[in-house]
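For reference, the structure discussed in these notes is given below.
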Amino acid sequence: MKLKKILIIISILIFSPLMAKEINITNAYLKYTNGSNSAIYLTISNVSNKDIKLIQSISEVANRVELYDMQKSEYGKKMVPVSEIPIPKKTTVTLSSQGFHIMVFGIKSPLKLKEMIPLRLVFNDGSEIEIQVPVETSSPNLTSIKNPSLTKDQIPKPSSVTEEETEDHQFINKVENEEEDHSHHDEHGNGDHHSHNRADMIGPAGIMNPHIHEKGKWMIDYRYMGMKMWGLQSGTKGLSDFGTLYFPYTDPTVAMPTGSLITSSPIGTTIPILSQNKYNYMSVPTDMVMEMNMASVMTSISDRWMIMFMVPVVKNRMTMLSSNFDRAPMSSAGIGDVSVSAAYRLIKTDHQNFFTGMGMSLPTGSIDERDNMPMMGKQKVPYNMQPGTGTYNLLPQLSYNGQYNRFSWGVLSQANLRMGKNDNNYKFGNRYEISSWISYLLFDSMSFSFRVAKQRWLNLQGLDATLDPKMDPQNDPYRQGGMRSDWYVGLNFLVTKGMLSGIRFGFEYGRPFHQNLNGPQLATRELFNVFASYSF
């Protein structure tokens, strides 16, 4: 056994140098910097008949020397650690700031131009190469540093410095400015899923979570949001259709003084006689489908700012039941309130992002749509059926999202704040919403998500004089508020091959698990969300 071990050791000592002679290193240099982090660039030529891999780099100049690659992500190119750099047979691989490279972290003493730094390269076949790397501001275009056994024809010609390589000082500066700690990355490259182009890089279909993609690129986005509603509800209790129609209501907000002149009064004045003004609704809604199709375009103007422009198209369908037992459809459709918004990334780490944003919707949607109504002919449809709001509205938001391995998560808080009354003398109540989700990456091209959302909306302020509150509870501005909590499950997809490569799409299905309505109002029963997007 001892003899066998000795023979193995001798074989390694003999053949390792022979293997190394089939590897040629040229154009190596350590990028000069005043900071503590830098990069080593070089060219590796494999003139052998077998594939090899660079698996380790060692130098005493810094605390850590690691292999890295620049990979595309939703936010542009991202520097990620790798466990190996492949060098195929009969191939030359250049390590540069735009691809594979060697990073040095924690330089122990200030670098000096032209000084020589020792570097040891370890390959998967057991071979090692020790070289002296000069400190330079740009590529020295050196000839072979080590490999005297190669013939003149085998030595690769120094490649000219590309425009991308001349910008490597920007790359180094970026590393210094970000002050990233890469020690937490998985040693075998499995911890960098967050930097790949993944199906879950965009949030679930029901939310437009801000994100930053590569500067100068554009994204077009289509979204469909559908909601099915049926059954009247007040508070947390359900109401029957006919019970709502025939139950007498007393509402001081719609009470009107009634009476006549009291001619027998000793003072001979006109005194109004106030009535409790009990009434029954003439009609109530039984079911409704609300749909919104949204087209938007967005772009990143920097690595922190994103802007977006969105146009919604609204379509509403409702069935009304009148007190004479007649059922009649009602509908409205049109362009909603166009919006423009901007998001700013406050914080960015390897795994997390925090955004703030502000937008404004414009009063482009109609608030005067009409349709046939039971017992009334063609009348203005209720508030909630109108495509627009008629007011300028502020759209603030805060967003947090993160990714680690196959999991991603996020929280989005947003509001719709109404500014002033519209031309019909009312404004919708403010709306507030918070949504939280978690996603699991089943494959790079598909992810599963679960989301919980809670929203609250307030009563209207003011009223449209042409909408009679006694005709329909939807015409009553004081019966429009409420709150609702929903759960959703969804799938996101990313097309990675073929002509449609780069297209993202997904859907969500949801249901409320709690709602408290200032009714009578129709209760929400089912929710559907669909999206498709493409970056270019």
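Quick note on naming: the chains in the structure tokens go A, B, ... in the order shown, residues restart at 1 in each chain, and ligands are numbered from 1 in order of appearance.
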
For this session: For range 423-436 of chain A, work out the shell of residues within 8 Å, counting only C-alpha atoms and skipping chain neighbours fewer than 3 positions away, then give it as a ChimeraX atom specification.
Result: /A:389-391,409-420,451-465,481

Exercise. Any idea what's packed within 6 Å of range 76-90 of chain A, counting only C-alpha atoms, ignoring anything in its chain fewer than 6 positions away? Could you give it as a VMD selection string?
Worked result: chain A and resid 46 to 55 67 to 70 188 to 189 213 to 214

Could you take the residues named above and write them with C-alpha atoms, as a PDB file, in the first residue's frame?
ATOM      1  CA  ASN A  46      -6.083  25.310 -23.977  1.00  0.00           C
ATOM      2  CA  VAL A  47      -4.069  23.691 -26.773  1.00  0.00           C
ATOM      3  CA  SER A  48      -4.718  20.157 -25.517  1.00  0.00           C
ATOM      4  CA  ASN A  49      -7.261  17.660 -26.822  1.00  0.00           C
ATOM      5  CA  LYS A  50      -9.372  17.657 -23.679  1.00  0.00           C
ATOM      6  CA  ASP A  51     -11.665  20.124 -21.935  1.00  0.00           C
ATOM      7  CA  ILE A  52     -10.445  21.662 -18.697  1.00  0.00           C
ATOM      8  CA  LYS A  53     -11.857  24.003 -16.081  1.00  0.00           C
ATOM      9  CA  LEU A  54     -10.281  26.710 -13.965  1.00  0.00           C
ATOM     10  CA  ILE A  55     -11.551  25.942 -10.476  1.00  0.00           C
ATOM     11  CA  LEU A  67     -14.006  33.435  -9.759  1.00  0.00           C
ATOM     12  CA  TYR A  68     -16.895  35.544 -11.097  1.00  0.00           C
ATOM     13  CA  ASP A  69     -19.050  35.984 -14.176  1.00  0.00           C
ATOM     14  CA  MET A  70     -21.212  38.804 -15.538  1.00  0.00           C
ATOM     15  CA  HIS A 188     -20.730  25.978  -5.952  1.00  0.00           C
ATOM     16  CA  GLY A 189     -22.734  28.626  -7.709  1.00  0.00           C
ATOM     17  CA  HIS A 213     -34.592  46.486 -15.767  1.00  0.00           C
ATOM     18  CA  GLU A 214     -31.629  47.380 -17.942  1.00  0.00           C
TER      19      GLU A 214
END

Problem set entry | Residue set, range 313-462 of chain A restricted to strand (DSSP E), as JSON, numbers by chain | {"A": [313, 314, 315, 316, 317, 318, 319, 320, 321, 322, 327, 328, 329, 330, 331, 332, 333, 334, 335, 339, 340, 341, 342, 343, 344, 345, 346, 347, 348, 352, 353, 354, 355, 356, 357, 358, 359, 360, 361, 370, 371, 372, 373, 377, 378, 379, 380, 392, 393, 394, 397, 398, 399, 400, 401, 402, 403, 404, 407, 408, 409, 410, 411, 412, 413, 414, 415, 416, 417, 418, 419, 426, 427, 431, 432, 433, 434, 435, 436, 437, 438, 439, 440, 441, 442, 443, 446, 447, 448, 449, 450, 451, 452, 453, 454, 455, 456, 457, 461, 462]}

So that I have them on file, write out the residues from the current selection with C-alpha atoms, as a compact mmCIF listing (two decimals), in the first residue's frame.
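After the write, out00.txt holds the following:
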# COMPACT_ATOMS: atom_id res chain seq x y z
CA VAL A 313 -60.33 50.16 -20.74
CA VAL A 314 -63.28 49.40 -18.46
CA LYS A 315 -66.34 47.22 -19.13
CA ASN A 316 -69.13 46.61 -16.59
CA ARG A 317 -72.22 44.39 -16.88
CA MET A 318 -74.98 44.17 -14.28
CA THR A 319 -78.40 42.58 -13.84
CA MET A 320 -81.06 44.68 -12.08
CA LEU A 321 -84.20 43.39 -10.33
CA SER A 322 -87.12 45.83 -10.03
CA ARG A 327 -85.03 41.67 -14.54
CA ALA A 328 -83.06 43.85 -16.93
CA PRO A 329 -79.38 44.06 -17.96
CA MET A 330 -77.34 47.21 -17.57
CA SER A 331 -73.87 47.90 -18.97
CA SER A 332 -71.24 50.57 -19.47
CA ALA A 333 -67.84 50.68 -21.14
CA GLY A 334 -65.11 53.08 -22.10
CA ILE A 335 -61.56 54.28 -21.48
CA SER A 339 -52.17 57.30 -15.37
CA VAL A 340 -48.48 58.15 -15.36
CA SER A 341 -46.18 57.12 -12.51
CA ALA A 342 -42.55 56.84 -11.43
CA ALA A 343 -40.79 54.48 -9.03
CA TYR A 344 -37.48 55.04 -7.25
CA ARG A 345 -35.35 52.26 -5.79
CA LEU A 346 -34.26 53.35 -2.33
CA ILE A 347 -32.32 50.24 -1.33
CA LYS A 348 -30.75 47.42 -3.34
CA GLN A 352 -33.63 42.54 -1.70
CA ASN A 353 -35.06 45.80 -3.11
CA PHE A 354 -37.07 48.59 -1.55
CA PHE A 355 -39.00 51.05 -3.75
CA THR A 356 -41.09 54.15 -3.30
CA GLY A 357 -43.23 55.64 -6.01
CA MET A 358 -45.78 58.27 -6.93
CA GLY A 359 -48.20 58.55 -9.81
CA MET A 360 -51.23 60.50 -10.93
CA SER A 361 -54.36 59.42 -12.79
CA ARG A 370 -76.22 56.03 -19.52
CA ASP A 371 -78.20 52.85 -20.09
CA ASN A 372 -81.75 51.52 -19.79
CA MET A 373 -82.86 51.00 -16.20
CA GLY A 377 -85.94 54.15 -19.24
CA LYS A 378 -82.51 55.42 -20.23
CA GLN A 379 -80.82 56.86 -17.17
CA LYS A 380 -77.35 57.58 -15.89
CA TYR A 392 -57.21 63.90 -10.56
CA ASN A 393 -55.97 61.20 -8.20
CA LEU A 394 -52.60 60.72 -6.48
CA GLN A 397 -46.88 53.38 -3.17
CA LEU A 398 -44.20 51.59 -1.18
CA SER A 399 -42.80 48.24 -2.26
CA TYR A 400 -40.39 45.65 -0.93
CA ASN A 401 -39.30 42.44 -2.68
CA GLY A 402 -36.64 39.82 -2.25
CA GLN A 403 -35.27 36.60 -3.72
CA TYR A 404 -33.18 33.75 -2.37
CA PHE A 407 -38.03 31.59 -3.28
CA SER A 408 -39.12 35.16 -3.92
CA TRP A 409 -41.42 37.37 -1.89
CA GLY A 410 -42.75 40.89 -1.67
CA VAL A 411 -45.05 43.44 -0.07
CA LEU A 412 -46.80 46.24 -1.95
CA SER A 413 -48.71 49.06 -0.23
CA GLN A 414 -50.54 51.59 -2.38
CA ALA A 415 -53.33 54.16 -2.25
CA ASN A 416 -55.65 56.08 -4.56
CA LEU A 417 -56.19 59.57 -3.13
CA ARG A 418 -58.90 61.73 -4.72
CA MET A 419 -58.19 65.41 -5.30
CA TYR A 426 -68.82 64.43 -5.95
CA LYS A 427 -65.60 62.51 -5.51
CA ARG A 431 -58.86 53.58 -1.57
CA TYR A 432 -56.05 51.83 0.34
CA GLU A 433 -54.54 48.42 -0.39
CA ILE A 434 -51.74 46.22 0.88
CA SER A 435 -50.67 42.97 -0.73
CA SER A 436 -48.12 40.34 0.31
CA TRP A 437 -46.97 37.30 -1.65
CA ILE A 438 -44.47 34.47 -1.80
CA SER A 439 -43.39 32.59 -4.92
CA TYR A 440 -41.55 29.33 -5.50
CA LEU A 441 -39.56 28.72 -8.67
CA LEU A 442 -40.65 25.32 -10.00
CA PHE A 443 -38.40 25.77 -13.06
CA MET A 446 -42.35 28.67 -14.29
CA SER A 447 -43.12 29.79 -10.73
CA PHE A 448 -46.05 29.29 -8.35
CA SER A 449 -47.32 32.13 -6.13
CA PHE A 450 -49.62 32.61 -3.17
CA ARG A 451 -50.83 36.11 -2.30
CA VAL A 452 -52.99 37.76 0.35
CA ALA A 453 -54.44 41.24 -0.18
CA LYS A 454 -56.51 43.60 1.96
CA GLN A 455 -58.20 46.76 0.74
CA ARG A 456 -60.44 49.44 2.14
CA TRP A 457 -62.46 52.04 0.24
CA GLN A 461 -68.21 62.74 -0.74
CA GLY A 462 -70.89 64.89 -2.32

Closest pair table for range 461-492 of chain A residues within 8 Å of range 520-525 of chain A, only C-alpha atoms, as CSV:
residue,atom,partner,partner_atom,distance
A:Pro473,CA,A:Pro520,CA,6.3
A:Gln474,CA,A:Gln521,CA,7.2
A:Arg479,CA,A:Pro520,CA,6.9
A:Gln480,CA,A:Gln521,CA,7.6

Please, could you write that set of residues out with N, CA, C and O atoms as an mmCIF file, in the first residue's frame?
data_model
loop_
_atom_site.group_PDB
_atom_site.id
_atom_site.type_symbol
_atom_site.label_atom_id
_atom_site.label_comp_id
_atom_site.auth_asym_id
_atom_site.auth_seq_id
_atom_site.Cartn_x
_atom_site.Cartn_y
_atom_site.Cartn_z
ATOM 1 N N PRO A 473 -79.755 51.310 -4.229
ATOM 2 C CA PRO A 473 -78.736 51.561 -3.196
ATOM 3 C C PRO A 473 -77.379 51.952 -3.781
ATOM 4 O O PRO A 473 -76.579 52.597 -3.120
ATOM 5 N N GLN A 474 -77.114 51.598 -5.041
ATOM 6 C CA GLN A 474 -75.856 51.982 -5.671
ATOM 7 C C GLN A 474 -75.802 53.477 -5.967
ATOM 8 O O GLN A 474 -74.736 54.012 -6.230
ATOM 9 N N ARG A 479 -73.510 54.609 0.838
ATOM 10 C CA ARG A 479 -73.516 53.148 0.850
ATOM 11 C C ARG A 479 -72.490 52.594 -0.151
ATOM 12 O O ARG A 479 -72.744 51.628 -0.844
ATOM 13 N N GLN A 480 -71.331 53.228 -0.218
ATOM 14 C CA GLN A 480 -70.310 52.843 -1.196
ATOM 15 C C GLN A 480 -69.026 52.302 -0.569
ATOM 16 O O GLN A 480 -68.192 51.739 -1.261
#

Problem set entry | Interatomic distance, CA of Ser139 in chain A to CA of Tyr29 in chain A (Å, one decimal) |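 CA of Tyr29 in chain A lies at a distance of 6.5 Å from CA of Ser139 in chain A.
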
Problem set entry | Which of A:Lys112, A:Arg304, A:Lys237, A:Arg198 sits closest to Lys215 in chain A [using only C-alpha atoms] | A:Arg304

Exercise. Between A:Ser57, A:Ser138, A:Asn63, A:Thr244, which has the minimum distance to Lys114 in chain A (counting only C-alpha atoms)?
Worked result: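 Closest to Lys114 in chain A of all the choices is A:Ser138.
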
For this session: Go ahead and compute the interatomic distance for CA of His351 in chain A and CA of His211 in chain A, in Å to one decimal.
Result: 13.3 Å
